[in-house]
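All remarks here apply to the structure that follows.
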Amino acid sequence: MEQYGFFVNTDICTGCKACMTSCFDRNNLEVPQKFRKVFEFGGGEWKADEAGAFTATAFTYYVSMTCGHCENPACVANCPTGAMQKDPETGIVNNDKEKCIGCMTCEKSCPYGHPVQLDDGLSHKCVLCSDENPEGVPDPTCAKACPVRALEFGTLAELRERHPEGVSALGELTDETGPAVVFAPHRDAAKGGVLRNPQEVSHEA
């Protein structure tokens with residue numbers, strides 16, 4: 001299997017959300033639906049000394065994430081009808097709309113809250129923009145939209161070879177399901193940080 005995935009350089013990501021909006025437009029989504037999310041993690045504070053001067057320890061960094069097309073996808077394991085499956089050749093995780101009943105167990109079990117219920121009542125998700133390609137070849141618009149080239153798309157093996165310093169978990173995003181992603185950690189990532197935009201990355205208005 002040739003597993004496809006993303007490299008995300010969080011040290012240069014500006015949080016502009018061009019990846020998120022290009023995905024939104026390409027997939028004809030409506031607010032608050034989203035296939036790609038930009039998580040904002042932050043922490044620290046501003047402190048005043050005796051002279052009234054402020055010193056900042058505050059920090060923020062952004063992590064762009066879509067479906068992980070995971071090695072052990074929780075959505076596949078928990079789908080009650082077997083609609084959600086992982087393609088044995090590309091590693092893309094998608095569901096059979098003929099079998100999907102719209103229960104959204106996939107979204108509830110996904111550590112990234114990824115699949116989205118659209119107006120047809122069924123579960124929909126990122127398929128790496130392979131759905132409008134005659135050959136079914138992945139060609140994600142998000143990676144092409146990033147103005148600072150913080151996103152790279154390719155096979156997971158190639159991405160790991162090019163970015164050996166990469167990690168698969170960052171901030172509050174875990175790697176328990178083996179997501180096909182390589183993160184270059186932000187310079188402040190070691191400080192931790194908590195999610196600052198929970199509503200923005202949810203599917204609730």
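Every chain in the structure tokens takes a letter, A first, then B, and so on in the order presented; its residues are numbered from 1, and the ligands are numbered from 1 following the presented order.
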Shell around Cys100 (chain A) at 10 Å using only C-alpha atoms, local window under 3 positions removed, as a CSV table (one decimal) with N, CA and C atoms, in the first residue's frame:
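Dumped to selection-v4.csv:
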chain,number,residue,atom,x,y,z
A,79,CYS,N,-17.6,1.9,13.0
A,79,CYS,CA,-18.7,2.1,12.1
A,79,CYS,C,-19.7,0.9,12.2
A,80,PRO,N,-20.9,1.1,12.6
A,80,PRO,CA,-21.8,-0.1,12.8
A,80,PRO,C,-22.2,-0.8,11.6
A,81,THR,N,-22.1,-0.2,10.4
A,81,THR,CA,-22.6,-0.9,9.2
A,81,THR,C,-21.4,-1.3,8.3
A,82,GLY,N,-20.2,-1.0,8.6
A,82,GLY,CA,-19.1,-1.3,7.8
A,82,GLY,C,-18.9,-0.4,6.6
A,83,ALA,N,-19.6,0.8,6.7
A,83,ALA,CA,-19.6,1.7,5.5
A,83,ALA,C,-18.2,2.3,5.4
A,84,MET,N,-17.5,2.6,6.5
A,84,MET,CA,-16.2,3.3,6.5
A,84,MET,C,-15.1,2.2,6.3
A,95,ASN,N,-16.2,6.4,3.1
A,95,ASN,CA,-17.3,5.6,3.4
A,95,ASN,C,-18.2,5.3,2.2
A,96,ASP,N,-18.9,4.2,2.2
A,96,ASP,CA,-19.8,3.8,1.2
A,96,ASP,C,-21.2,4.5,1.5
A,97,LYS,N,-21.6,5.5,0.7
A,97,LYS,CA,-22.8,6.2,1.0
A,97,LYS,C,-24.1,5.3,0.9
A,103,CYS,N,-25.3,7.9,11.3
A,103,CYS,CA,-25.3,7.9,12.8
A,103,CYS,C,-24.2,8.7,13.4
A,104,MET,N,-23.2,9.0,12.6
A,104,MET,CA,-22.0,9.8,13.0
A,104,MET,C,-21.2,9.2,14.1
A,121,GLY,N,-27.7,14.1,5.3
A,121,GLY,CA,-27.8,13.3,6.5
A,121,GLY,C,-26.7,12.3,6.6
A,122,LEU,N,-25.8,12.2,5.7
A,122,LEU,CA,-24.8,11.2,5.7
A,122,LEU,C,-23.4,11.7,6.1
A,123,SER,N,-22.5,10.9,6.4
A,123,SER,CA,-21.2,11.2,6.8
A,123,SER,C,-20.3,11.5,5.6
A,124,HIS,N,-19.6,12.6,5.6
A,124,HIS,CA,-18.7,13.0,4.5
A,124,HIS,C,-17.4,13.4,5.1
Skip Tyr4 (chain A) itself and residues of its chain fewer than 6 positions away, then list as a list in words all residues within 7 Å of it, counting only C-alpha atoms.
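The neighbour list is Thr90, Gly91, Gly154, Thr155, Leu156 and Ala180 of chain A.
Comparing the minimum interatomic distances between Glu71 (chain A) and each of A:Glu176, A:Glu161, A:Asp25, A:Glu89, counting only C-alpha atoms, we find that A:Glu176 sits nearest.
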I'd like the interatomic distance between CA of Gly136 (chain A) and CA of Asp87 (chain A), to a tenth of an Å.
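Between CA of Gly136 (chain A) and CA of Asp87 (chain A) the gap is 11.5 Å.
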One decimal, in Å: what's the spacing between CA of Val31 (chain A) and CA of Ser168 (chain A)?
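Distance reported for this atom pair: 28.6 Å.
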For Cys142 (chain A): contacts at 8 Å, only C-alpha atoms, fewer than 3 positions along chain excluded, given as a PyMOL selection string:
chain A and resi 18-20+22-23+145-146+151
Give me, as a PyMOL selection string, the residues of region 27-205 of chain A that a backbone DSSP run labels helix (DSSP H, G or I).
chain A and resi 74-78+105-109+141-145+156-162+189-191
